[in-house]
Structures are given as C-alpha cells and as structure tokens.
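Pasted below: structure.cif, mmCIF, N, CA and C atoms.
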data_final
#
loop_
_atom_site.group_PDB
_atom_site.id
_atom_site.type_symbol
_atom_site.label_atom_id
_atom_site.label_comp_id
_atom_site.auth_asym_id
_atom_site.auth_seq_id
_atom_site.Cartn_x
_atom_site.Cartn_y
_atom_site.Cartn_z
ATOM 1 N N SER A 1 75.508 113.687 86.498
ATOM 2 C CA SER A 1 75.890 115.063 86.767
ATOM 3 C C SER A 1 75.297 115.973 85.694
ATOM 4 N N ALA A 2 75.280 117.259 85.979
ATOM 5 C CA ALA A 2 74.769 118.232 85.006
ATOM 6 C C ALA A 2 75.598 118.213 83.723
ATOM 7 N N ALA A 3 76.903 118.027 83.856
ATOM 8 C CA ALA A 3 77.773 117.983 82.674
ATOM 9 C C ALA A 3 77.426 116.779 81.799
ATOM 10 N N ALA A 4 77.209 115.639 82.413
ATOM 11 C CA ALA A 4 76.846 114.436 81.652
ATOM 12 C C ALA A 4 75.490 114.618 80.986
ATOM 13 N N GLN A 5 74.547 115.228 81.685
ATOM 14 C CA GLN A 5 73.226 115.470 81.109
ATOM 15 C C GLN A 5 73.310 116.423 79.919
ATOM 16 N N ALA A 6 74.281 117.327 79.932
ATOM 17 C CA ALA A 6 74.479 118.264 78.825
ATOM 18 C C ALA A 6 75.159 117.602 77.634
ATOM 19 N N GLY A 7 75.734 116.407 77.836
ATOM 20 C CA GLY A 7 76.385 115.684 76.747
ATOM 21 C C GLY A 7 77.891 115.608 76.834
ATOM 22 N N LEU A 8 78.474 116.175 77.874
ATOM 23 C CA LEU A 8 79.925 116.116 78.061
ATOM 24 C C LEU A 8 80.307 114.692 78.464
ATOM 25 N N THR A 9 81.285 114.118 77.778
ATOM 26 C CA THR A 9 81.701 112.747 78.069
ATOM 27 C C THR A 9 83.216 112.678 78.263
ATOM 28 N N ALA A 10 83.671 111.565 78.819
ATOM 29 C CA ALA A 10 85.108 111.351 79.020
ATOM 30 C C ALA A 10 85.825 111.507 77.685
ATOM 31 N N GLY A 11 86.918 112.249 77.699
ATOM 32 C CA GLY A 11 87.691 112.475 76.490
ATOM 33 C C GLY A 11 87.390 113.801 75.814
ATOM 34 N N ASP A 12 86.281 114.454 76.182
ATOM 35 C CA ASP A 12 85.972 115.775 75.646
ATOM 36 C C ASP A 12 86.903 116.791 76.307
ATOM 37 N N GLN A 13 87.180 117.886 75.623
ATOM 38 C CA GLN A 13 88.091 118.916 76.117
ATOM 39 C C GLN A 13 87.319 120.197 76.422
ATOM 40 N N ILE A 14 87.237 120.576 77.703
ATOM 41 C CA ILE A 14 86.583 121.819 78.091
ATOM 42 C C ILE A 14 87.500 122.971 77.700
ATOM 43 N N THR A 15 86.935 123.959 76.993
ATOM 44 C CA THR A 15 87.731 125.085 76.507
ATOM 45 C C THR A 15 87.348 126.412 77.153
ATOM 46 N N SER A 16 86.138 126.494 77.739
ATOM 47 C CA SER A 16 85.694 127.734 78.348
ATOM 48 C C SER A 16 84.692 127.435 79.457
ATOM 49 N N VAL A 17 84.832 128.143 80.573
ATOM 50 C CA VAL A 17 83.903 128.034 81.695
ATOM 51 C C VAL A 17 83.510 129.453 82.100
ATOM 52 N N ALA A 18 82.204 129.727 82.061
ATOM 53 C CA ALA A 18 81.676 131.041 82.449
ATOM 54 C C ALA A 18 82.376 132.183 81.700
ATOM 55 N N GLY A 19 82.674 131.952 80.424
ATOM 56 C CA GLY A 19 83.293 132.988 79.606
ATOM 57 C C GLY A 19 84.797 133.118 79.743
ATOM 58 N N HIS A 20 85.414 132.254 80.548
ATOM 59 C CA HIS A 20 86.859 132.285 80.747
ATOM 60 C C HIS A 20 87.501 131.102 80.011
ATOM 61 N N SER A 21 88.508 131.368 79.199
ATOM 62 C CA SER A 21 89.238 130.283 78.540
ATOM 63 C C SER A 21 89.953 129.448 79.589
ATOM 64 N N VAL A 22 89.906 128.134 79.427
ATOM 65 C CA VAL A 22 90.585 127.226 80.352
ATOM 66 C C VAL A 22 91.382 126.194 79.556
ATOM 67 N N THR A 23 92.525 125.799 80.136
ATOM 68 C CA THR A 23 93.364 124.796 79.480
ATOM 69 C C THR A 23 93.741 123.657 80.415
ATOM 70 N N SER A 24 93.319 123.753 81.687
ATOM 71 C CA SER A 24 93.672 122.712 82.648
ATOM 72 C C SER A 24 92.590 122.612 83.723
ATOM 73 N N SER A 25 92.639 121.535 84.486
ATOM 74 C CA SER A 25 91.669 121.367 85.573
ATOM 75 C C SER A 25 91.858 122.445 86.640
ATOM 76 N N SER A 26 93.085 122.901 86.839
ATOM 77 C CA SER A 26 93.307 123.963 87.829
ATOM 78 C C SER A 26 92.688 125.283 87.350
ATOM 79 N N ASP A 27 92.699 125.537 86.032
ATOM 80 C CA ASP A 27 92.021 126.717 85.494
ATOM 81 C C ASP A 27 90.524 126.645 85.791
ATOM 82 N N ILE A 28 89.949 125.476 85.589
ATOM 83 C CA ILE A 28 88.517 125.287 85.836
ATOM 84 C C ILE A 28 88.205 125.511 87.310
ATOM 85 N N GLN A 29 88.990 124.944 88.193
ATOM 86 C CA GLN A 29 88.779 125.119 89.629
ATOM 87 C C GLN A 29 88.896 126.584 90.018
ATOM 88 N N SER A 30 89.829 127.295 89.437
ATOM 89 C CA SER A 30 90.017 128.707 89.731
ATOM 90 C C SER A 30 88.780 129.517 89.341
ATOM 91 N N VAL A 31 88.249 129.266 88.152
ATOM 92 C CA VAL A 31 87.050 129.975 87.697
ATOM 93 C C VAL A 31 85.864 129.633 88.589
ATOM 94 N N LEU A 32 85.681 128.359 88.883
ATOM 95 C CA LEU A 32 84.508 127.937 89.659
ATOM 96 C C LEU A 32 84.552 128.408 91.104
ATOM 97 N N GLY A 33 85.731 128.780 91.601
ATOM 98 C CA GLY A 33 85.869 129.222 92.980
ATOM 99 C C GLY A 33 85.048 130.450 93.324
ATOM 100 N N SER A 34 84.684 131.233 92.327
ATOM 101 C CA SER A 34 83.914 132.452 92.594
ATOM 102 C C SER A 34 82.414 132.250 92.438
ATOM 103 N N TYR A 35 81.988 131.017 92.197
ATOM 104 C CA TYR A 35 80.573 130.712 92.024
ATOM 105 C C TYR A 35 80.077 129.835 93.169
ATOM 106 N N ARG A 36 78.773 129.788 93.334
ATOM 107 C CA ARG A 36 78.147 129.007 94.413
ATOM 108 C C ARG A 36 77.162 127.997 93.843
ATOM 109 N N SER A 37 76.813 127.022 94.652
ATOM 110 C CA SER A 37 75.807 126.034 94.283
ATOM 111 C C SER A 37 74.533 126.754 93.855
ATOM 112 N N GLY A 38 73.981 126.331 92.736
ATOM 113 C CA GLY A 38 72.767 126.935 92.203
ATOM 114 C C GLY A 38 73.027 127.968 91.124
ATOM 115 N N ASP A 39 74.249 128.525 91.076
ATOM 116 C CA ASP A 39 74.589 129.473 90.020
ATOM 117 C C ASP A 39 74.576 128.755 88.675
ATOM 118 N N LYS A 40 74.192 129.465 87.634
ATOM 119 C CA LYS A 40 74.217 128.911 86.281
ATOM 120 C C LYS A 40 75.394 129.513 85.533
ATOM 121 N N ILE A 41 76.141 128.646 84.855
ATOM 122 C CA ILE A 41 77.308 129.085 84.076
ATOM 123 C C ILE A 41 77.272 128.427 82.699
ATOM 124 N N SER A 42 77.940 129.060 81.760
ATOM 125 C CA SER A 42 78.078 128.450 80.440
ATOM 126 C C SER A 42 79.364 127.631 80.416
ATOM 127 N N ILE A 43 79.333 126.589 79.636
ATOM 128 C CA ILE A 43 80.518 125.752 79.449
ATOM 129 C C ILE A 43 80.624 125.437 77.958
ATOM 130 N N VAL A 44 81.839 125.523 77.440
ATOM 131 C CA VAL A 44 82.100 125.219 76.038
ATOM 132 C C VAL A 44 83.144 124.116 76.003
ATOM 133 N N TRP A 45 82.929 123.130 75.157
ATOM 134 C CA TRP A 45 83.890 122.042 75.037
ATOM 135 C C TRP A 45 83.959 121.551 73.604
ATOM 136 N N THR A 46 85.045 120.867 73.304
ATOM 137 C CA THR A 46 85.215 120.209 72.013
ATOM 138 C C THR A 46 85.032 118.725 72.245
ATOM 139 N N ASP A 47 84.074 118.141 71.511
ATOM 140 C CA ASP A 47 83.821 116.715 71.704
ATOM 141 C C ASP A 47 84.854 115.893 70.943
ATOM 142 N N GLN A 48 84.765 114.598 71.089
ATOM 143 C CA GLN A 48 85.780 113.711 70.513
ATOM 144 C C GLN A 48 85.787 113.710 68.988
ATOM 145 N N SER A 49 84.698 114.188 68.368
ATOM 146 C CA SER A 49 84.679 114.278 66.902
ATOM 147 C C SER A 49 85.188 115.628 66.408
ATOM 148 N N GLY A 50 85.586 116.536 67.364
ATOM 149 C CA GLY A 50 86.132 117.827 66.995
ATOM 150 C C GLY A 50 85.107 118.943 66.908
ATOM 151 N N GLN A 51 83.849 118.641 67.242
ATOM 152 C CA GLN A 51 82.781 119.638 67.191
ATOM 153 C C GLN A 51 82.713 120.441 68.484
ATOM 154 N N SER A 52 82.503 121.742 68.372
ATOM 155 C CA SER A 52 82.351 122.599 69.537
ATOM 156 C C SER A 52 80.922 122.483 70.058
ATOM 157 N N GLN A 53 80.783 122.347 71.364
ATOM 158 C CA GLN A 53 79.480 122.210 72.016
ATOM 159 C C GLN A 53 79.378 123.264 73.113
ATOM 160 N N THR A 54 78.174 123.732 73.396
ATOM 161 C CA THR A 54 77.940 124.727 74.438
ATOM 162 C C THR A 54 76.712 124.339 75.239
ATOM 163 N N ALA A 55 76.761 124.556 76.555
ATOM 164 C CA ALA A 55 75.605 124.301 77.412
ATOM 165 C C ALA A 55 75.659 125.255 78.599
ATOM 166 N N VAL A 56 74.495 125.499 79.196
ATOM 167 C CA VAL A 56 74.399 126.252 80.437
ATOM 168 C C VAL A 56 74.058 125.243 81.529
ATOM 169 N N LEU A 57 74.869 125.228 82.589
ATOM 170 C CA LEU A 57 74.709 124.261 83.670
ATOM 171 C C LEU A 57 74.453 124.973 84.985
ATOM 172 N N ALA A 58 73.650 124.340 85.836
ATOM 173 C CA ALA A 58 73.461 124.815 87.202
ATOM 174 C C ALA A 58 74.449 124.067 88.075
ATOM 175 N N LEU A 59 75.244 124.795 88.835
ATOM 176 C CA LEU A 59 76.248 124.181 89.690
ATOM 177 C C LEU A 59 75.585 123.521 90.902
ATOM 178 N N THR A 60 76.167 122.418 91.343
ATOM 179 C CA THR A 60 75.689 121.730 92.546
ATOM 180 C C THR A 60 76.825 121.690 93.565
ATOM 181 N N ALA A 61 76.479 121.457 94.805
ATOM 182 C CA ALA A 61 77.477 121.382 95.864
ATOM 183 C C ALA A 61 78.179 120.034 95.833
ATOM 184 N N GLY A 62 79.489 120.035 96.097
ATOM 185 C CA GLY A 62 80.252 118.792 96.224
ATOM 186 C C GLY A 62 80.587 118.155 94.910
ATOM 187 N N PRO A 63 81.354 117.090 94.971
ATOM 188 C CA PRO A 63 81.760 116.388 93.742
ATOM 189 C C PRO A 63 80.586 115.646 93.126
ATOM 190 N N ALA A 64 80.658 115.459 91.817
ATOM 191 C CA ALA A 64 79.621 114.683 91.116
ATOM 192 C C ALA A 64 79.650 113.253 91.590
ATOM 193 N N SER A 65 78.484 112.651 91.668
ATOM 194 C CA SER A 65 78.429 111.247 92.118
ATOM 195 C C SER A 65 78.244 110.314 90.956
#

For the file at hand, write its structure as structure tokens.
Amino acid sequence: SAAAQAGLTAGDQITSVAGHSVTSSSDIQSVLGSYRSGDKISIVWTDQSGQSQTAVLALTAGPAS
C-alpha cells in the first residue's frame, strides 16, 4: 500500500490526515470521506521509536491489499 511504501508500519500512530488531527480510525474515515481515488494527501504519524514522520500519499480505490 502507499502507506507501507511511505514507511508506516503496524504499531505506528497516525496523528494527522490532510491537515486534520485524528485520534481514531473513525476520525480517519471521516476525513478521507471527502477525498477521491487519485487525490494526494499528507499524513503525519509517530513511529514506534517516538519520532514524527510525514509523507504525501496518493489515495487508491478500495481497501489495501
């Protein structure tokens, strides 16, 4: 997936999607609801070592495989 290619791994904590603070998966779904496949968004997360990471991802249709 684009998130995995950006370096996001299991156990990392997503803190911001497209400039919106998020604290739960429902927050993420709410933000992503206004975007379409192919749109590019920024994502910020804290990795398991406590470091903040940022990437720009292109959204794809459907769940990640």

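Counting from CA of Thr9 in chain A, the distance to atom N of Thr60 in chain A is 17.3 Å.
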
Translate the PyMOL selection byres ((chain A and resi 48) around 8) into a concrete residue list for this structure, as an MDAnalysis selection string. chainID A and resid 9:13 45:47 49:52

Output of the above residues as a PDB file, in the frame of the given file, restricted to N, CA and C atoms:
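out_22.pdb, freshly written:
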ATOM      1  N   THR A   9      81.285 114.118  77.778  1.00  0.00           N
ATOM      2  CA  THR A   9      81.701 112.747  78.069  1.00  0.00           C
ATOM      3  C   THR A   9      83.216 112.678  78.263  1.00  0.00           C
ATOM      4  N   ALA A  10      83.671 111.565  78.819  1.00  0.00           N
ATOM      5  CA  ALA A  10      85.108 111.351  79.020  1.00  0.00           C
ATOM      6  C   ALA A  10      85.825 111.507  77.685  1.00  0.00           C
ATOM      7  N   GLY A  11      86.918 112.249  77.699  1.00  0.00           N
ATOM      8  CA  GLY A  11      87.691 112.475  76.490  1.00  0.00           C
ATOM      9  C   GLY A  11      87.390 113.801  75.814  1.00  0.00           C
ATOM     10  N   ASP A  12      86.281 114.454  76.182  1.00  0.00           N
ATOM     11  CA  ASP A  12      85.972 115.775  75.646  1.00  0.00           C
ATOM     12  C   ASP A  12      86.903 116.791  76.307  1.00  0.00           C
ATOM     13  N   GLN A  13      87.180 117.886  75.623  1.00  0.00           N
ATOM     14  CA  GLN A  13      88.091 118.916  76.117  1.00  0.00           C
ATOM     15  C   GLN A  13      87.319 120.197  76.422  1.00  0.00           C
ATOM     16  N   TRP A  45      82.929 123.130  75.157  1.00  0.00           N
ATOM     17  CA  TRP A  45      83.890 122.042  75.037  1.00  0.00           C
ATOM     18  C   TRP A  45      83.959 121.551  73.604  1.00  0.00           C
ATOM     19  N   THR A  46      85.045 120.867  73.304  1.00  0.00           N
ATOM     20  CA  THR A  46      85.215 120.209  72.013  1.00  0.00           C
ATOM     21  C   THR A  46      85.032 118.725  72.245  1.00  0.00           C
ATOM     22  N   ASP A  47      84.074 118.141  71.511  1.00  0.00           N
ATOM     23  CA  ASP A  47      83.821 116.715  71.704  1.00  0.00           C
ATOM     24  C   ASP A  47      84.854 115.893  70.943  1.00  0.00           C
ATOM     25  N   SER A  49      84.698 114.188  68.368  1.00  0.00           N
ATOM     26  CA  SER A  49      84.679 114.278  66.902  1.00  0.00           C
ATOM     27  C   SER A  49      85.188 115.628  66.408  1.00  0.00           C
ATOM     28  N   GLY A  50      85.586 116.536  67.364  1.00  0.00           N
ATOM     29  CA  GLY A  50      86.132 117.827  66.995  1.00  0.00           C
ATOM     30  C   GLY A  50      85.107 118.943  66.908  1.00  0.00           C
ATOM     31  N   GLN A  51      83.849 118.641  67.242  1.00  0.00           N
ATOM     32  CA  GLN A  51      82.781 119.638  67.191  1.00  0.00           C
ATOM     33  C   GLN A  51      82.713 120.441  68.484  1.00  0.00           C
ATOM     34  N   SER A  52      82.503 121.742  68.372  1.00  0.00           N
ATOM     35  CA  SER A  52      82.351 122.599  69.537  1.00  0.00           C
ATOM     36  C   SER A  52      80.922 122.483  70.058  1.00  0.00           C
TER      37      SER A  52
END

Record the distance separating atom N of Gln53 in chain A and atom C of Gly38 in chain A, expressed in Å with one decimal.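 Going from atom N of Gln53 in chain A over to atom C of Gly38 in chain A, I get 22.0 Å.
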
Please give the centre and size of the box around range 31-36 of chain A (axis-aligned, containing every atom listed in the file, 8 Å added per side), with values in Å to one decimal and written as AutoDock Vina command-line options.
--center_x 82.7 --center_y 130.2 --center_z 91.1 --size_x 27.1 --size_y 20.5 --size_z 22.7

Taking the file as shown, find all residues satisfying the PyMOL selection byres ((chain A and resi 42) around 8) and write them as JSON, numbers by chain. {"A": [16, 17, 18, 19, 20, 39, 40, 41, 43, 44, 45, 54, 55, 56, 57, 58]}

Can I get the selection written as a PDB file, in the frame of the given file, with N, CA and C atoms?
ATOM      1  N   SER A  16      86.138 126.494  77.739  1.00  0.00           N
ATOM      2  CA  SER A  16      85.694 127.734  78.348  1.00  0.00           C
ATOM      3  C   SER A  16      84.692 127.435  79.457  1.00  0.00           C
ATOM      4  N   VAL A  17      84.832 128.143  80.573  1.00  0.00           N
ATOM      5  CA  VAL A  17      83.903 128.034  81.695  1.00  0.00           C
ATOM      6  C   VAL A  17      83.510 129.453  82.100  1.00  0.00           C
ATOM      7  N   ALA A  18      82.204 129.727  82.061  1.00  0.00           N
ATOM      8  CA  ALA A  18      81.676 131.041  82.449  1.00  0.00           C
ATOM      9  C   ALA A  18      82.376 132.183  81.700  1.00  0.00           C
ATOM     10  N   GLY A  19      82.674 131.952  80.424  1.00  0.00           N
ATOM     11  CA  GLY A  19      83.293 132.988  79.606  1.00  0.00           C
ATOM     12  C   GLY A  19      84.797 133.118  79.743  1.00  0.00           C
ATOM     13  N   HIS A  20      85.414 132.254  80.548  1.00  0.00           N
ATOM     14  CA  HIS A  20      86.859 132.285  80.747  1.00  0.00           C
ATOM     15  C   HIS A  20      87.501 131.102  80.011  1.00  0.00           C
ATOM     16  N   ASP A  39      74.249 128.525  91.076  1.00  0.00           N
ATOM     17  CA  ASP A  39      74.589 129.473  90.020  1.00  0.00           C
ATOM     18  C   ASP A  39      74.576 128.755  88.675  1.00  0.00           C
ATOM     19  N   LYS A  40      74.192 129.465  87.634  1.00  0.00           N
ATOM     20  CA  LYS A  40      74.217 128.911  86.281  1.00  0.00           C
ATOM     21  C   LYS A  40      75.394 129.513  85.533  1.00  0.00           C
ATOM     22  N   ILE A  41      76.141 128.646  84.855  1.00  0.00           N
ATOM     23  CA  ILE A  41      77.308 129.085  84.076  1.00  0.00           C
ATOM     24  C   ILE A  41      77.272 128.427  82.699  1.00  0.00           C
ATOM     25  N   ILE A  43      79.333 126.589  79.636  1.00  0.00           N
ATOM     26  CA  ILE A  43      80.518 125.752  79.449  1.00  0.00           C
ATOM     27  C   ILE A  43      80.624 125.437  77.958  1.00  0.00           C
ATOM     28  N   VAL A  44      81.839 125.523  77.440  1.00  0.00           N
ATOM     29  CA  VAL A  44      82.100 125.219  76.038  1.00  0.00           C
ATOM     30  C   VAL A  44      83.144 124.116  76.003  1.00  0.00           C
ATOM     31  N   TRP A  45      82.929 123.130  75.157  1.00  0.00           N
ATOM     32  CA  TRP A  45      83.890 122.042  75.037  1.00  0.00           C
ATOM     33  C   TRP A  45      83.959 121.551  73.604  1.00  0.00           C
ATOM     34  N   THR A  54      78.174 123.732  73.396  1.00  0.00           N
ATOM     35  CA  THR A  54      77.940 124.727  74.438  1.00  0.00           C
ATOM     36  C   THR A  54      76.712 124.339  75.239  1.00  0.00           C
ATOM     37  N   ALA A  55      76.761 124.556  76.555  1.00  0.00           N
ATOM     38  CA  ALA A  55      75.605 124.301  77.412  1.00  0.00           C
ATOM     39  C   ALA A  55      75.659 125.255  78.599  1.00  0.00           C
ATOM     40  N   VAL A  56      74.495 125.499  79.196  1.00  0.00           N
ATOM     41  CA  VAL A  56      74.399 126.252  80.437  1.00  0.00           C
ATOM     42  C   VAL A  56      74.058 125.243  81.529  1.00  0.00           C
ATOM     43  N   LEU A  57      74.869 125.228  82.589  1.00  0.00           N
ATOM     44  CA  LEU A  57      74.709 124.261  83.670  1.00  0.00           C
ATOM     45  C   LEU A  57      74.453 124.973  84.985  1.00  0.00           C
ATOM     46  N   ALA A  58      73.650 124.340  85.836  1.00  0.00           N
ATOM     47  CA  ALA A  58      73.461 124.815  87.202  1.00  0.00           C
ATOM     48  C   ALA A  58      74.449 124.067  88.075  1.00  0.00           C
TER      49      ALA A  58
END

If you measure from atom C of Tyr35 in chain A to CA of Leu59 in chain A, what distance in Å do you get, rounded to one decimal? 7.7 Å

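Using only N, CA and C atoms, the smallest distance between any of A:Ser37, A:Thr15, A:Ser30, A:Gln5 and Ala61 in chain A comes from A:Ser37.
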
Can you list every residue in range 5-62 of chain A that DSSP puts in strand (DSSP E), as a VMD selection string? chain A and resid 13 to 17 20 to 21 40 to 46 52 to 58

In range 6-51 of chain A, DSSP alpha helix (DSSP H) residues written as a PyMOL selection string: chain A and resi 6+25-32

Filled-in N, CA, C and O atoms of range 25-48 of chain A, supplied as a PDB file, in the coordinates of the input:
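The resulting part-v1.pdb:
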ATOM      1  N   SER A  25      92.639 121.535  84.486  1.00  0.00           N
ATOM      2  CA  SER A  25      91.669 121.367  85.573  1.00  0.00           C
ATOM      3  C   SER A  25      91.858 122.445  86.640  1.00  0.00           C
ATOM      4  O   SER A  25      90.887 122.909  87.244  1.00  0.00           O
ATOM      5  N   SER A  26      93.085 122.901  86.839  1.00  0.00           N
ATOM      6  CA  SER A  26      93.307 123.963  87.829  1.00  0.00           C
ATOM      7  C   SER A  26      92.688 125.283  87.350  1.00  0.00           C
ATOM      8  O   SER A  26      92.184 126.062  88.167  1.00  0.00           O
ATOM      9  N   ASP A  27      92.699 125.537  86.032  1.00  0.00           N
ATOM     10  CA  ASP A  27      92.021 126.717  85.494  1.00  0.00           C
ATOM     11  C   ASP A  27      90.524 126.645  85.791  1.00  0.00           C
ATOM     12  O   ASP A  27      89.914 127.628  86.194  1.00  0.00           O
ATOM     13  N   ILE A  28      89.949 125.476  85.589  1.00  0.00           N
ATOM     14  CA  ILE A  28      88.517 125.287  85.836  1.00  0.00           C
ATOM     15  C   ILE A  28      88.205 125.511  87.310  1.00  0.00           C
ATOM     16  O   ILE A  28      87.262 126.233  87.649  1.00  0.00           O
ATOM     17  N   GLN A  29      88.990 124.944  88.193  1.00  0.00           N
ATOM     18  CA  GLN A  29      88.779 125.119  89.629  1.00  0.00           C
ATOM     19  C   GLN A  29      88.896 126.584  90.018  1.00  0.00           C
ATOM     20  O   GLN A  29      88.123 127.084  90.841  1.00  0.00           O
ATOM     21  N   SER A  30      89.829 127.295  89.437  1.00  0.00           N
ATOM     22  CA  SER A  30      90.017 128.707  89.731  1.00  0.00           C
ATOM     23  C   SER A  30      88.780 129.517  89.341  1.00  0.00           C
ATOM     24  O   SER A  30      88.309 130.359  90.097  1.00  0.00           O
ATOM     25  N   VAL A  31      88.249 129.266  88.152  1.00  0.00           N
ATOM     26  CA  VAL A  31      87.050 129.975  87.697  1.00  0.00           C
ATOM     27  C   VAL A  31      85.864 129.633  88.589  1.00  0.00           C
ATOM     28  O   VAL A  31      85.114 130.516  89.016  1.00  0.00           O
ATOM     29  N   LEU A  32      85.681 128.359  88.883  1.00  0.00           N
ATOM     30  CA  LEU A  32      84.508 127.937  89.659  1.00  0.00           C
ATOM     31  C   LEU A  32      84.552 128.408  91.104  1.00  0.00           C
ATOM     32  O   LEU A  32      83.509 128.470  91.760  1.00  0.00           O
ATOM     33  N   GLY A  33      85.731 128.780  91.601  1.00  0.00           N
ATOM     34  CA  GLY A  33      85.869 129.222  92.980  1.00  0.00           C
ATOM     35  C   GLY A  33      85.048 130.450  93.324  1.00  0.00           C
ATOM     36  O   GLY A  33      84.715 130.681  94.488  1.00  0.00           O
ATOM     37  N   SER A  34      84.684 131.233  92.327  1.00  0.00           N
ATOM     38  CA  SER A  34      83.914 132.452  92.594  1.00  0.00           C
ATOM     39  C   SER A  34      82.414 132.250  92.438  1.00  0.00           C
ATOM     40  O   SER A  34      81.648 133.201  92.555  1.00  0.00           O
ATOM     41  N   TYR A  35      81.988 131.017  92.197  1.00  0.00           N
ATOM     42  CA  TYR A  35      80.573 130.712  92.024  1.00  0.00           C
ATOM     43  C   TYR A  35      80.077 129.835  93.169  1.00  0.00           C
ATOM     44  O   TYR A  35      80.866 129.209  93.871  1.00  0.00           O
ATOM     45  N   ARG A  36      78.773 129.788  93.334  1.00  0.00           N
ATOM     46  CA  ARG A  36      78.147 129.007  94.413  1.00  0.00           C
ATOM     47  C   ARG A  36      77.162 127.997  93.843  1.00  0.00           C
ATOM     48  O   ARG A  36      76.699 128.137  92.712  1.00  0.00           O
ATOM     49  N   SER A  37      76.813 127.022  94.652  1.00  0.00           N
ATOM     50  CA  SER A  37      75.807 126.034  94.283  1.00  0.00           C
ATOM     51  C   SER A  37      74.533 126.754  93.855  1.00  0.00           C
ATOM     52  O   SER A  37      74.095 127.693  94.510  1.00  0.00           O
ATOM     53  N   GLY A  38      73.981 126.331  92.736  1.00  0.00           N
ATOM     54  CA  GLY A  38      72.767 126.935  92.203  1.00  0.00           C
ATOM     55  C   GLY A  38      73.027 127.968  91.124  1.00  0.00           C
ATOM     56  O   GLY A  38      72.130 128.277  90.337  1.00  0.00           O
ATOM     57  N   ASP A  39      74.249 128.525  91.076  1.00  0.00           N
ATOM     58  CA  ASP A  39      74.589 129.473  90.020  1.00  0.00           C
ATOM     59  C   ASP A  39      74.576 128.755  88.675  1.00  0.00           C
ATOM     60  O   ASP A  39      74.930 127.575  88.579  1.00  0.00           O
ATOM     61  N   LYS A  40      74.192 129.465  87.634  1.00  0.00           N
ATOM     62  CA  LYS A  40      74.217 128.911  86.281  1.00  0.00           C
ATOM     63  C   LYS A  40      75.394 129.513  85.533  1.00  0.00           C
ATOM     64  O   LYS A  40      75.627 130.721  85.587  1.00  0.00           O
ATOM     65  N   ILE A  41      76.141 128.646  84.855  1.00  0.00           N
ATOM     66  CA  ILE A  41      77.308 129.085  84.076  1.00  0.00           C
ATOM     67  C   ILE A  41      77.272 128.427  82.699  1.00  0.00           C
ATOM     68  O   ILE A  41      76.659 127.376  82.509  1.00  0.00           O
ATOM     69  N   SER A  42      77.940 129.060  81.760  1.00  0.00           N
ATOM     70  CA  SER A  42      78.078 128.450  80.440  1.00  0.00           C
ATOM     71  C   SER A  42      79.364 127.631  80.416  1.00  0.00           C
ATOM     72  O   SER A  42      80.337 127.958  81.094  1.00  0.00           O
ATOM     73  N   ILE A  43      79.333 126.589  79.636  1.00  0.00           N
ATOM     74  CA  ILE A  43      80.518 125.752  79.449  1.00  0.00           C
ATOM     75  C   ILE A  43      80.624 125.437  77.958  1.00  0.00           C
ATOM     76  O   ILE A  43      79.622 125.192  77.293  1.00  0.00           O
ATOM     77  N   VAL A  44      81.839 125.523  77.440  1.00  0.00           N
ATOM     78  CA  VAL A  44      82.100 125.219  76.038  1.00  0.00           C
ATOM     79  C   VAL A  44      83.144 124.116  76.003  1.00  0.00           C
ATOM     80  O   VAL A  44      84.122 124.161  76.747  1.00  0.00           O
ATOM     81  N   TRP A  45      82.929 123.130  75.157  1.00  0.00           N
ATOM     82  CA  TRP A  45      83.890 122.042  75.037  1.00  0.00           C
ATOM     83  C   TRP A  45      83.959 121.551  73.604  1.00  0.00           C
ATOM     84  O   TRP A  45      83.079 121.822  72.799  1.00  0.00           O
ATOM     85  N   THR A  46      85.045 120.867  73.304  1.00  0.00           N
ATOM     86  CA  THR A  46      85.215 120.209  72.013  1.00  0.00           C
ATOM     87  C   THR A  46      85.032 118.725  72.245  1.00  0.00           C
ATOM     88  O   THR A  46      85.716 118.132  73.086  1.00  0.00           O
ATOM     89  N   ASP A  47      84.074 118.141  71.511  1.00  0.00           N
ATOM     90  CA  ASP A  47      83.821 116.715  71.704  1.00  0.00           C
ATOM     91  C   ASP A  47      84.854 115.893  70.943  1.00  0.00           C
ATOM     92  O   ASP A  47      85.718 116.437  70.253  1.00  0.00           O
ATOM     93  N   GLN A  48      84.765 114.598  71.089  1.00  0.00           N
ATOM     94  CA  GLN A  48      85.780 113.711  70.513  1.00  0.00           C
ATOM     95  C   GLN A  48      85.787 113.710  68.988  1.00  0.00           C
ATOM     96  O   GLN A  48      86.772 113.308  68.381  1.00  0.00           O
TER      97      GLN A  48
END
